[in-house]
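Data block below; observations after.
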Amino acid sequence: MRAFLLLFALVPPLGGAHAGELGGAPVSRNMETLLVESMLSVSSSKLDTAMTEVDSLLKINPKFKLAQLIRGDLLLARARPLNNLGNAPEAEARMEDFRDEARVRLQRFNEQPPTALAPKFLWQLDERQRHVIVVDTSKSTLYLYENDNGQPRYVADYYISTGKKGIEKVAEGDQKTPLGVYFVNANLPKNKLTDFYGSGAYPLSYPNEWDRRQGRNGHGIWLHGTPSDTYSRPPRASNGCVVLSNEDLENIGKVLQVGVTPVIIAGQMDWSGEQDQADRAALLKEIEQWRANWASLDTDRYLEHYAQNFSTGGMDFSAWARQKKQVNAGKSWIKVSISNISAFAYPTQPGLVVVSFEQDYASSNLSNRMKKRQYWMKQNDRWQIVYEGAA
């Protein structure tokens with residue numbers, strides 16, 4: 001029993017904010033709390049209490065395989081001492097996966113997110129983006145935030161599974177989860193999928209423009225559910241997708257907006273500070289100056305907003321500058337307005353921000369309206385554009 005208890009040795013006893021707080025949380029969070037309570041009873045050698053608690057949990061969801069495993073251990077404990085989590089012989093093949101899930105769920109239970117703080121990645125939300133998702137792969141957790149008058153407000157967080165081989169996807173088939181700023185591209189209903197994907201799937205925009213620039217490839221990175229006979233999967237179990245329980249996927253699916261909802265996947269969550277706010281203000285000022293210089297037909301000053309390492313559509317900075325000078329030479333006036341600006345700091349590249357907006361352009365010989373995306377990078381203490389294209 002001593003070795004078995006080592007898994008729970010660092011877990012404090014129930015009390016304070018965690019004790020009995022089930023109201024108002026997602027069903028999955030409530031179930032996770034019940035699971036942890038049963039494990040804490042094991043750590044206190046209260047095996048009968050643990051059995052009662054895990055039986056109550058399995059009545060709620062009999063597909064919770066980690067809970068089934070703990071129940072099997074508790075039954076086995078009546079016959080002989082336990083050495084570790086997962087002593088039942090039939091579970092041995094998947095034992096390390098179950099132990100990982102137990103560790104992650106204990107960590108989630110004890111490290112509640114600071115709900116009053118905003119993730120540092122969320123610099124500005126477009127008013128149409130009613131919600132935003134941030135994934136912390138290090139904690140197997142998906143955070144859901146609501147757009148509250150332009151400010152992200154914590155709504156809930158959910159246990160997830162990610163790539164079998166870890167994070168920072170590079171190539172097709174590497175079984176890794178990408179890190180970056182993505183958007184929900186589609187909604188695939190259950191009746192269009194095999195049972196493997198559970199209650200549905202939401203494809204993400206991987207590879208994005210930055211991924212392609214870095215030579216990353218692959219496809220098919222989705223938010224999706226679990227097979228009908230499975231409640232949850234181990235923390236590292238997917239081929240690169242972000243996987244939730246079916247109940248949790250259905251819950252967040254109610255607020256996801258195709259083509260609109262951002263999904264930021266990070267190696268680790270970090271929180272916004274004063275420097276982020278200062279950088280945000282400086283960037284927004286630079287974006288407005290870019291617009292004003294373009295509208296004034298001051299092409300030289302307009303081009304100063306583009307970095308020497310800028311590229312788009314096969315053009316480098318030199319080709320872009322030649323094209324812009326040629327185009328602007330044929331115009332007598334330009335009007336440019338931008339609206340619905342969003343800005344998200346890139347989780348893997350310091351000083352890189354993904355900016356999207358609606359652009360209304362009119363000139364003496366052309367007018368159009370489009371959704372545009374730019375990647376701004378802070379280089380030598382100045383914000384400049386390193387990529388620009390349609391969103």
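Chain lettering (A, B, ...) mirrors the order of the structure tokens, residue numbering begins at 1 for each chain separately, and ligand numbering begins at 1 in order of display.
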I'd like a table as JSON lines: residues in region 202-317 of chain A with an atom no more than 12 Å from region 359-363 of chain A, each row giving the shortest atom pair and its distance in Å to one decimal, only C-alpha atoms counted, sorted by chain and rising residue number.
{"residue": "A:Arg291", "atom": "CA", "partner": "A:Gln359", "partner_atom": "CA", "distance": 9.8}
{"residue": "A:Trp294", "atom": "CA", "partner": "A:Tyr361", "partner_atom": "CA", "distance": 10.3}
{"residue": "A:Ala295", "atom": "CA", "partner": "A:Ser363", "partner_atom": "CA", "distance": 9.0}
{"residue": "A:Ser296", "atom": "CA", "partner": "A:Ser363", "partner_atom": "CA", "distance": 11.1}
{"residue": "A:Leu297", "atom": "CA", "partner": "A:Ser363", "partner_atom": "CA", "distance": 10.3}
Produce a file of the selected residues containing N, CA and C atoms, as a PDB file, in the first residue's frame.
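Output file selection.pdb follows:
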ATOM      1  N   ARG A 291      -2.196  52.375 -41.372  1.00  0.00           N
ATOM      2  CA  ARG A 291      -3.398  52.713 -42.131  1.00  0.00           C
ATOM      3  C   ARG A 291      -3.336  54.147 -42.642  1.00  0.00           C
ATOM      4  N   TRP A 294      -0.811  54.620 -45.486  1.00  0.00           N
ATOM      5  CA  TRP A 294      -1.332  54.042 -46.727  1.00  0.00           C
ATOM      6  C   TRP A 294      -2.355  54.997 -47.357  1.00  0.00           C
ATOM      7  N   ALA A 295      -3.284  55.486 -46.514  1.00  0.00           N
ATOM      8  CA  ALA A 295      -4.341  56.363 -47.024  1.00  0.00           C
ATOM      9  C   ALA A 295      -3.791  57.696 -47.540  1.00  0.00           C
ATOM     10  N   SER A 296      -2.651  58.138 -47.030  1.00  0.00           N
ATOM     11  CA  SER A 296      -2.078  59.428 -47.444  1.00  0.00           C
ATOM     12  C   SER A 296      -1.270  59.326 -48.734  1.00  0.00           C
ATOM     13  N   LEU A 297      -1.147  58.092 -49.264  1.00  0.00           N
ATOM     14  CA  LEU A 297      -0.356  57.833 -50.474  1.00  0.00           C
ATOM     15  C   LEU A 297       1.132  58.143 -50.279  1.00  0.00           C
TER      16      LEU A 297
END
Backbone-only DSSP, alpha helix (DSSP H) members of region 140-226 of chain A, as a list of chain:residue names:
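So, restricting region 140-226 of chain A to alpha helix (DSSP H), we get A:Glu209, A:Trp210, A:Asp211, A:Arg212, A:Arg213.
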Who sits within 12 Å of region 319-324 of chain A, only C-alpha atoms, same chain under 4 positions skipped, as a VMD selection string:
chain A and resid 294 297 to 315 328 to 331 386 to 388
I'd like the interatomic distance between CA of Asp174 (chain A) and CA of Ile221 (chain A), to a tenth of an Å.
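These two atoms are separated by 12.0 Å.
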If I take CA of Gln175 (chain A) and CA of Arg29 (chain A), how far is one from the other in Å, to one decimal?
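Separating CA of Gln175 (chain A) from CA of Arg29 (chain A) is a distance of 27.4 Å.
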With only C-alpha atoms as the atoms that count, which of A:Leu58, A:Ile287, A:Val36, A:Ala77 lies nearest to Ala343 (chain A)?
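Among A:Leu58, A:Ile287, A:Val36, A:Ala77, it is A:Ile287 that comes nearest to Ala343 (chain A).
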So, with only C-alpha atoms as the atoms that count, which of A:Thr226, A:Asn185, A:Thr115, A:Ser238 lies closest to Thr162 (chain A)?
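Ranking A:Thr226, A:Asn185, A:Thr115, A:Ser238 by distance to Thr162 (chain A), first place goes to A:Ser238.
When only C-alpha atoms are used to measure the gap to Gly198 (chain A), the shortest distance among A:Leu179, A:Leu244, A:Ile133, A:Val184 belongs to A:Leu244.
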Compile the contact shell of Glu247 (chain A) as a ChimeraX atom specification: residues with an atom at most 12 Å away, counting only C-alpha atoms, same-chain residues fewer than 4 positions apart removed.
/A:26-29,31,61,158-159,198-200,224-228,230-232,243,251-254
So that I can see what lies close to Ala118 (chain A), please list as a ChimeraX atom specification the residues with an atom at most 7 Å from it, counting only C-alpha atoms and leaving out residues fewer than 5 positions away in the same chain.
/A:152,271-272
Would you output that residue set with C-alpha atoms, as a compact mmCIF listing (two decimals), in the first residue's frame?
# COMPACT_ATOMS: atom_id res chain seq x y z
CA PRO A 152 -11.74 37.90 -21.67
CA TRP A 271 -0.87 35.54 -17.64
CA SER A 272 -1.01 39.13 -18.85
What is the distance between CA of Asp73 (chain A) and CA of Arg99 (chain A), in Å to one decimal?
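Answer for the CA of Asp73 (chain A) to CA of Arg99 (chain A) separation: 12.7 Å.
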Nearest residue to Arg216 (chain A) from the set A:Val181, A:Val242, A:Leu35, A:Val170 (distances using only C-alpha atoms):
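So, comparing all the options, the nearest one is A:Val170.
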